[in-house]
file structure29.json (JSON, C-alpha atoms)
[["chain", "number", "residue", "atom", "x", "y", "z"],
["A", 264, "SER", "CA", 99.75, 88.00, 95.48],
["A", 265, "ALA", "CA", 97.31, 90.34, 97.22],
["A", 266, "VAL", "CA", 93.92, 91.13, 95.68],
["A", 267, "ILE", "CA", 93.14, 94.82, 95.94],
["A", 268, "SER", "CA", 89.88, 96.61, 95.25],
["A", 269, "GLN", "CA", 89.13, 100.31, 95.04],
["A", 270, "LYS", "CA", 85.87, 102.20, 95.31],
["A", 271, "PRO", "CA", 84.65, 104.05, 93.39],
["A", 272, "SER", "CA", 86.17, 102.94, 90.11],
["A", 273, "ARG", "CA", 85.39, 106.33, 88.62],
["A", 274, "ASP", "CA", 83.58, 109.53, 89.51],
["A", 275, "ILE", "CA", 82.77, 112.92, 88.11],
["A", 276, "CYS", "CA", 82.75, 115.64, 90.74],
["A", 277, "GLN", "CA", 82.07, 119.33, 90.97],
["A", 278, "ARG", "CA", 84.74, 121.87, 91.83],
["A", 279, "GLY", "CA", 85.00, 122.57, 95.54],
["A", 280, "THR", "CA", 83.65, 119.21, 96.71],
["A", 281, "SER", "CA", 85.56, 116.30, 98.25],
["A", 282, "LEU", "CA", 85.77, 112.63, 97.34],
["A", 283, "THR", "CA", 86.88, 109.73, 99.51],
["A", 284, "ILE", "CA", 88.44, 106.74, 97.78],
["A", 285, "GLN", "CA", 88.57, 103.37, 99.52],
["A", 286, "CYS", "CA", 91.22, 100.69, 99.14],
["A", 287, "GLN", "CA", 90.57, 97.17, 100.45],
["A", 288, "VAL", "CA", 93.07, 94.30, 100.49],
["A", 289, "ASP", "CA", 92.17, 90.64, 100.92],
["A", 290, "SER", "CA", 95.01, 90.01, 103.37],
["A", 291, "GLN", "CA", 96.98, 91.92, 105.98],
["A", 292, "VAL", "CA", 99.82, 93.94, 104.51],
["A", 293, "THR", "CA", 102.54, 95.98, 106.11],
["A", 294, "MET", "CA", 102.69, 98.88, 103.69],
["A", 295, "MET", "CA", 99.97, 100.75, 101.82],
["A", 296, "PHE", "CA", 100.60, 103.61, 99.42],
["A", 297, "TRP", "CA", 98.60, 106.14, 97.43],
["A", 298, "TYR", "CA", 99.68, 107.33, 93.98],
["A", 299, "ARG", "CA", 98.40, 109.89, 91.51],
["A", 300, "GLN", "CA", 98.62, 109.50, 87.76],
["A", 301, "GLN", "CA", 97.76, 112.64, 85.87],
["A", 302, "PRO", "CA", 96.45, 112.25, 82.30],
["A", 303, "GLY", "CA", 99.08, 110.77, 80.01],
["A", 304, "GLN", "CA", 101.74, 110.79, 82.69],
["A", 305, "SER", "CA", 103.52, 108.46, 85.04],
["A", 306, "LEU", "CA", 102.75, 107.71, 88.69],
["A", 307, "THR", "CA", 103.71, 109.99, 91.54],
["A", 308, "LEU", "CA", 103.68, 108.83, 95.15],
["A", 309, "ILE", "CA", 101.34, 110.93, 97.29],
["A", 310, "ALA", "CA", 101.90, 109.31, 100.68],
["A", 311, "THR", "CA", 102.47, 106.17, 102.67],
["A", 312, "ALA", "CA", 99.47, 105.19, 104.76],
["A", 313, "ASN", "CA", 100.62, 104.16, 108.22],
["A", 314, "GLN", "CA", 98.43, 101.95, 110.34],
["A", 315, "GLY", "CA", 97.40, 103.70, 113.52],
["A", 316, "SER", "CA", 99.32, 106.91, 112.86],
["A", 317, "GLU", "CA", 99.48, 109.85, 110.49],
["A", 318, "ALA", "CA", 100.41, 109.21, 106.88],
["A", 319, "THR", "CA", 103.84, 110.15, 105.57],
["A", 320, "TYR", "CA", 103.47, 112.63, 102.72],
["A", 321, "GLU", "CA", 105.83, 113.22, 99.82],
["A", 322, "SER", "CA", 107.06, 116.63, 98.82],
["A", 323, "GLY", "CA", 104.28, 118.63, 97.21],
["A", 324, "PHE", "CA", 101.44, 116.83, 98.96],
["A", 325, "VAL", "CA", 99.84, 117.93, 102.24],
["A", 326, "ILE", "CA", 97.44, 116.38, 104.70],
["A", 327, "ASP", "CA", 94.84, 119.15, 104.38],
["A", 328, "LYS", "CA", 94.44, 118.43, 100.68],
["A", 329, "PHE", "CA", 94.83, 114.63, 100.80],
["A", 330, "PRO", "CA", 93.81, 113.31, 104.23],
["A", 331, "ILE", "CA", 94.47, 109.59, 104.57],
["A", 332, "SER", "CA", 93.20, 107.04, 107.02],
["A", 333, "ARG", "CA", 94.42, 103.53, 107.72],
["A", 334, "PRO", "CA", 92.45, 102.03, 110.58],
["A", 335, "ASN", "CA", 93.79, 98.48, 110.12],
["A", 336, "LEU", "CA", 96.14, 96.34, 108.03],
["A", 337, "THR", "CA", 93.68, 95.72, 105.18],
["A", 338, "PHE", "CA", 91.99, 99.06, 104.55],
["A", 339, "SER", "CA", 92.83, 102.65, 103.73],
["A", 340, "THR", "CA", 91.07, 105.75, 102.43],
["A", 341, "LEU", "CA", 92.31, 108.77, 100.53],
["A", 342, "THR", "CA", 90.24, 111.95, 100.42],
["A", 343, "VAL", "CA", 90.76, 114.52, 97.71],
["A", 344, "SER", "CA", 89.56, 117.74, 99.32],
["A", 345, "ASN", "CA", 88.24, 120.97, 97.84],
["A", 346, "MET", "CA", 88.73, 119.62, 94.35],
["A", 347, "SER", "CA", 89.68, 121.61, 91.28],
["A", 348, "PRO", "CA", 89.99, 120.46, 87.64],
["A", 349, "GLU", "CA", 93.74, 120.05, 88.22],
["A", 350, "ASP", "CA", 92.92, 117.14, 90.54],
["A", 351, "SER", "CA", 91.52, 115.14, 87.62],
["A", 352, "SER", "CA", 93.68, 112.02, 87.66],
["A", 353, "ILE", "CA", 93.73, 108.33, 88.29],
["A", 354, "TYR", "CA", 94.36, 107.59, 91.97],
["A", 355, "LEU", "CA", 95.86, 104.20, 92.75],
["A", 356, "CYS", "CA", 96.57, 102.42, 95.98],
["A", 357, "SER", "CA", 99.27, 99.83, 96.26],
["A", 358, "VAL", "CA", 100.46, 97.42, 98.92],
["A", 359, "ALA", "CA", 103.68, 95.71, 99.83],
["A", 360, "GLY", "CA", 104.87, 93.33, 102.45],
["A", 361, "GLN", "CA", 102.57, 90.45, 103.16],
["A", 362, "GLY", "CA", 105.51, 89.26, 105.14],
["A", 363, "LYS", "CA", 108.61, 91.11, 106.18],
["A", 364, "VAL", "CA", 109.06, 94.33, 104.23],
["A", 365, "SER", "CA", 112.37, 94.82, 102.54],
["A", 366, "GLY", "CA", 113.75, 96.79, 99.65],
["A", 367, "ASN", "CA", 113.14, 93.79, 97.44],
["A", 368, "ASN", "CA", 109.39, 93.84, 97.79],
["A", 369, "GLU", "CA", 107.28, 94.23, 94.69],
["A", 370, "GLN", "CA", 104.17, 96.33, 95.03],
["A", 371, "PHE", "CA", 100.69, 95.22, 94.05],
["A", 372, "PHE", "CA", 98.37, 97.85, 92.67],
["A", 373, "GLY", "CA", 94.65, 98.35, 92.85],
["A", 374, "PRO", "CA", 92.64, 98.96, 89.66],
["A", 375, "GLY", "CA", 92.61, 102.72, 90.23],
["A", 376, "THR", "CA", 89.93, 105.39, 90.61],
["A", 377, "ARG", "CA", 89.48, 107.68, 87.64],
["A", 378, "LEU", "CA", 88.46, 111.10, 88.90],
["A", 379, "THR", "CA", 87.18, 113.91, 86.71],
["A", 380, "VAL", "CA", 86.59, 117.32, 88.27],
["A", 381, "LEU", "CA", 84.39, 119.77, 86.38],
["B", 292, "SER", "CA", 109.63, 113.58, 91.73],
["B", 293, "GLN", "CA", 110.22, 111.23, 88.86],
["B", 294, "GLN", "CA", 113.69, 109.81, 88.71],
["B", 295, "GLY", "CA", 113.58, 107.77, 85.55],
["B", 296, "GLU", "CA", 113.36, 108.59, 81.93],
["B", 297, "GLU", "CA", 112.26, 106.01, 79.43],
["B", 298, "ASP", "CA", 112.73, 105.80, 75.75],
["B", 299, "PRO", "CA", 111.17, 105.56, 73.41],
["B", 300, "GLN", "CA", 108.06, 107.36, 74.64],
["B", 301, "ALA", "CA", 106.04, 105.38, 72.13],
["B", 302, "LEU", "CA", 106.80, 102.26, 70.11],
["B", 303, "SER", "CA", 104.77, 100.62, 67.35],
["B", 304, "ILE", "CA", 105.76, 97.18, 66.09],
["B", 305, "GLN", "CA", 104.29, 94.27, 64.17],
["B", 306, "GLU", "CA", 103.12, 91.17, 65.99],
["B", 307, "GLY", "CA", 105.99, 88.68, 66.24],
["B", 308, "GLU", "CA", 108.69, 91.34, 66.39],
["B", 309, "ASN", "CA", 110.73, 92.08, 69.49],
["B", 310, "ALA", "CA", 110.19, 95.25, 71.54],
["B", 311, "THR", "CA", 112.96, 96.94, 73.50],
["B", 312, "MET", "CA", 112.35, 99.68, 76.03],
["B", 313, "ASN", "CA", 115.05, 101.55, 77.90],
["B", 314, "CYS", "CA", 115.05, 103.22, 81.30],
["B", 315, "SER", "CA", 117.59, 105.55, 82.86],
["B", 316, "TYR", "CA", 117.73, 106.71, 86.46],
["B", 317, "LYS", "CA", 119.76, 109.15, 88.53],
["B", 318, "THR", "CA", 120.66, 107.81, 91.96],
["B", 319, "SER", "CA", 121.91, 104.56, 93.48],
["B", 320, "ILE", "CA", 119.25, 101.94, 93.74],
["B", 321, "ASN", "CA", 118.29, 98.91, 95.79],
["B", 322, "ASN", "CA", 116.42, 97.36, 92.87],
["B", 323, "LEU", "CA", 114.58, 98.21, 89.66],
["B", 324, "GLN", "CA", 111.15, 96.93, 88.72],
["B", 325, "TRP", "CA", 109.13, 96.89, 85.51],
["B", 326, "TYR", "CA", 105.35, 97.28, 85.47],
["B", 327, "ARG", "CA", 102.70, 97.12, 82.77],
["B", 328, "GLN", "CA", 99.53, 99.22, 82.62],
["B", 329, "ASN", "CA", 96.65, 98.52, 80.27],
["B", 330, "SER", "CA", 94.51, 101.51, 79.22],
["B", 331, "GLY", "CA", 94.81, 103.57, 82.40],
["B", 332, "ARG", "CA", 94.04, 100.70, 84.73],
["B", 333, "GLY", "CA", 96.02, 99.32, 87.63],
["B", 334, "LEU", "CA", 99.62, 98.30, 87.22],
["B", 335, "VAL", "CA", 100.81, 94.73, 86.94],
["B", 336, "HIS", "CA", 104.24, 93.83, 88.27],
["B", 337, "LEU", "CA", 106.37, 92.14, 85.62],
["B", 338, "ILE", "CA", 109.85, 91.62, 86.99],
["B", 339, "LEU", "CA", 112.25, 92.82, 89.69],
["B", 340, "ILE", "CA", 116.01, 92.97, 89.25],
["B", 341, "ARG", "CA", 118.32, 93.62, 92.18],
["B", 342, "SER", "CA", 121.22, 96.02, 92.01],
["B", 343, "ASN", "CA", 123.72, 93.15, 92.11],
["B", 344, "GLU", "CA", 122.08, 91.36, 89.18],
["B", 345, "ARG", "CA", 122.82, 92.07, 85.54],
["B", 346, "GLU", "CA", 120.16, 90.11, 83.70],
["B", 347, "LYS", "CA", 116.91, 88.38, 84.46],
["B", 348, "HIS", "CA", 114.41, 86.40, 82.43],
["B", 349, "SER", "CA", 110.73, 85.68, 82.88],
["B", 350, "GLY", "CA", 108.94, 83.96, 80.01],
["B", 351, "ARG", "CA", 109.20, 86.25, 76.98],
["B", 352, "LEU", "CA", 110.66, 89.06, 79.08],
["B", 353, "ARG", "CA", 114.34, 89.81, 79.45],
["B", 354, "VAL", "CA", 115.57, 92.61, 81.69],
["B", 355, "THR", "CA", 119.11, 93.92, 81.90],
["B", 356, "LEU", "CA", 120.59, 96.29, 84.44],
["B", 357, "ASP", "CA", 123.78, 98.33, 84.10],
["B", 358, "THR", "CA", 124.37, 100.14, 87.39],
["B", 359, "SER", "CA", 127.50, 101.86, 86.05],
["B", 360, "LYS", "CA", 125.38, 103.56, 83.38],
["B", 361, "LYS", "CA", 122.30, 103.76, 85.62],
["B", 362, "SER", "CA", 120.18, 102.17, 82.95],
["B", 363, "SER", "CA", 117.96, 99.17, 82.35],
["B", 364, "SER", "CA", 116.26, 97.64, 79.36],
["B", 365, "LEU", "CA", 113.16, 95.50, 78.95],
["B", 366, "LEU", "CA", 112.98, 93.19, 75.96],
["B", 367, "ILE", "CA", 109.73, 91.52, 74.98],
["B", 368, "THR", "CA", 110.35, 88.78, 72.46],
["B", 369, "ALA", "CA", 107.85, 87.50, 69.88],
["B", 370, "SER", "CA", 105.37, 90.23, 70.75],
["B", 371, "ARG", "CA", 101.62, 89.71, 70.67],
["B", 372, "ALA", "CA", 98.74, 92.13, 70.22],
["B", 373, "ALA", "CA", 97.89, 91.52, 73.90],
["B", 374, "ASP", "CA", 101.23, 93.07, 74.85],
["B", 375, "THR", "CA", 99.86, 96.46, 73.83],
["B", 376, "ALA", "CA", 100.13, 98.57, 76.98],
["B", 377, "SER", "CA", 102.22, 101.20, 78.74],
["B", 378, "TYR", "CA", 105.38, 99.93, 80.39],
["B", 379, "PHE", "CA", 107.00, 101.68, 83.35],
["B", 380, "CYS", "CA", 110.28, 101.16, 85.10],
["B", 381, "ALA", "CA", 110.41, 102.01, 88.79],
["B", 382, "THR", "CA", 113.37, 102.19, 91.11],
["B", 383, "VAL", "CA", 113.72, 101.67, 94.84],
["B", 384, "PRO", "CA", 116.43, 104.12, 95.95],
["B", 385, "MET", "CA", 119.27, 102.82, 98.08],
["B", 386, "ASP", "CA", 118.22, 105.03, 101.00],
["B", 387, "SER", "CA", 114.64, 103.74, 100.96],
["B", 388, "SER", "CA", 113.37, 100.28, 101.75],
["B", 389, "TYR", "CA", 110.17, 100.50, 99.75],
["B", 390, "LYS", "CA", 109.56, 103.78, 97.96],
["B", 391, "LEU", "CA", 108.99, 103.36, 94.20],
["B", 392, "ILE", "CA", 110.03, 106.13, 91.84],
["B", 393, "PHE", "CA", 108.50, 105.69, 88.42],
["B", 394, "GLY", "CA", 109.90, 106.50, 85.03],
["B", 395, "SER", "CA", 107.97, 108.33, 82.36],
["B", 396, "GLY", "CA", 106.79, 105.17, 80.62],
["B", 397, "THR", "CA", 106.76, 103.73, 77.11],
["B", 398, "ARG", "CA", 103.52, 103.24, 75.20],
["B", 399, "LEU", "CA", 103.79, 100.04, 73.18],
["B", 400, "LEU", "CA", 101.43, 99.25, 70.31],
["B", 401, "VAL", "CA", 101.66, 95.78, 68.80],
["B", 402, "ARG", "CA", 99.86, 95.66, 65.46],
["B", 403, "PRO", "CA", 98.15, 92.35, 64.59]]
call {"tool": "encode", "arguments": {"input": "structure29.json", "output": "structure tokens"}}
result
Amino acid sequence: SAVISQKPSRDICQRGTSLTIQCQVDSQVTMMFWYRQQPGQSLTLIATANQGSEATYESGFVIDKFPISRPNLTFSTLTVSNMSPEDSSIYLCSVAGQGKVSGNNEQFFGPGTRLTVL
Amino acid sequence: SQQGEEDPQALSIQEGENATMNCSYKTSINNLQWYRQNSGRGLVHLILIRSNEREKHSGRLRVTLDTSKKSSSLLITASRAADTASYFCATVPMDSSYKLIFGSGTRLLVRP
């Protein structure tokens, strides 16, 4: 299974600022995803990070608020822009497809970044 | 948006007892997966069951899938204090090759 790291592991930020979260995988993967987990709740998919092209965003999430980069097959960043207290969440990246991607792929998750916005 | 609902929302049992968690979903699926999350950390994949399978085992875990009722259950036998965690089901819809839609989760507490 892939080993995934995220930086930072946690941060406390001021309203109106932006934070960039990094996700690094120890092997090339086909698919990378970003999720948000609000306090006490389940995970919601923000977007799929596409290598070499714009990310694919889910309903309710926009590029201006959550710009995503994926310069290669092992790395991605998620920026939370112009933050407000409502953005306080755990942000997790996940990967799938160390080989051919199919509907039967499990996803491997990073440890998450716990963000608190004051 | 979340597709699945899980019950119970919280479950407290004694070490050695069995724990059963249920998951319901709304649309046709490719497969259903169960994940565990300890104290707000990253998720750990437990087991994947395909839409044409009815039951699957992995160690102390037993998963069932009833596509006619759009429901699944996760049974943990002979529970241990280390099993204390939140458990989530997640479905891959039939019209998607990879997208995971998570249920609301069950918080399991195993008392020593």
call {"tool": "interface_residues", "arguments": {"input": "structure29.json", "of": "chain A", "to": "chain B", "cutoff": "9 Å", "atoms": "only C-alpha atoms", "output": "VMD selection string"}}
result
chain A and resid 294 300 302 to 308 311 321 to 322 353 355 to 356 359 364 to 377
call {"tool": "residues_around", "arguments": {"input": "structure29.json", "residues": "Ala265 in chain A", "least_positions_apart": "2", "cutoff": "8 Å", "atoms": "only C-alpha atoms", "output": "PyMOL selection string"}}
result
chain A and resi 267+288-290+358+361+371
call {"tool": "residues_near_point", "arguments": {"input": "structure29.json", "point": "(84.1, 116.6, 97.2)", "cutoff": "12 Å", "atoms": "all atoms listed in the file", "output": "list in words"}}
result
Asp274, Ile275, Cys276, Gln277, Arg278, Gly279, Thr280, Ser281, Leu282, Thr283, Ile284, Lys328, Phe329, Leu341, Thr342, Val343, Ser344, Asn345, Met346, Ser347, Pro348, Asp350, Leu378, Thr379, Val380 and Leu381 of chain A
call {"tool": "residues_around", "arguments": {"input": "structure29.json", "residues": "Ile367 in chain B", "least_positions_apart": "3", "cutoff": "10 Å", "atoms": "only C-alpha atoms", "output": "mmCIF file with C-alpha atoms, in the coordinates of the input"}}
result
data_model
loop_
_atom_site.group_PDB
_atom_site.id
_atom_site.type_symbol
_atom_site.label_atom_id
_atom_site.label_comp_id
_atom_site.auth_asym_id
_atom_site.auth_seq_id
_atom_site.Cartn_x
_atom_site.Cartn_y
_atom_site.Cartn_z
ATOM 1 C CA GLY B 307 105.990 88.680 66.240
ATOM 2 C CA GLU B 308 108.690 91.340 66.390
ATOM 3 C CA ASN B 309 110.730 92.080 69.490
ATOM 4 C CA ALA B 310 110.190 95.250 71.540
ATOM 5 C CA THR B 311 112.960 96.940 73.500
ATOM 6 C CA MET B 312 112.350 99.680 76.030
ATOM 7 C CA SER B 349 110.730 85.680 82.880
ATOM 8 C CA GLY B 350 108.940 83.960 80.010
ATOM 9 C CA ARG B 351 109.200 86.250 76.980
ATOM 10 C CA LEU B 352 110.660 89.060 79.080
ATOM 11 C CA ARG B 353 114.340 89.810 79.450
ATOM 12 C CA VAL B 354 115.570 92.610 81.690
ATOM 13 C CA SER B 364 116.260 97.640 79.360
ATOM 14 C CA SER B 370 105.370 90.230 70.750
ATOM 15 C CA ARG B 371 101.620 89.710 70.670
ATOM 16 C CA ASP B 374 101.230 93.070 74.850
#
call {"tool": "atom_distance", "arguments": {"input": "structure29.json", "atom1": "CA of Ser362 in chain B", "atom2": "CA of Pro299 in chain B"}}
result
13.6 Å
call {"tool": "closest_residue", "arguments": {"input": "structure29.json", "among": "B:Ala373, B:Leu400, B:Gln300, B:Ser315", "to": "Thr358 in chain B", "atoms": "only C-alpha atoms"}}
result
B:Ser315
call {"tool": "closest_residue", "arguments": {"input": "structure29.json", "among": "A:Thr340, A:Gln314, A:Ser351, A:Asn335", "to": "Arg299 in chain A", "atoms": "all atoms listed in the file"}}
result
A:Ser351
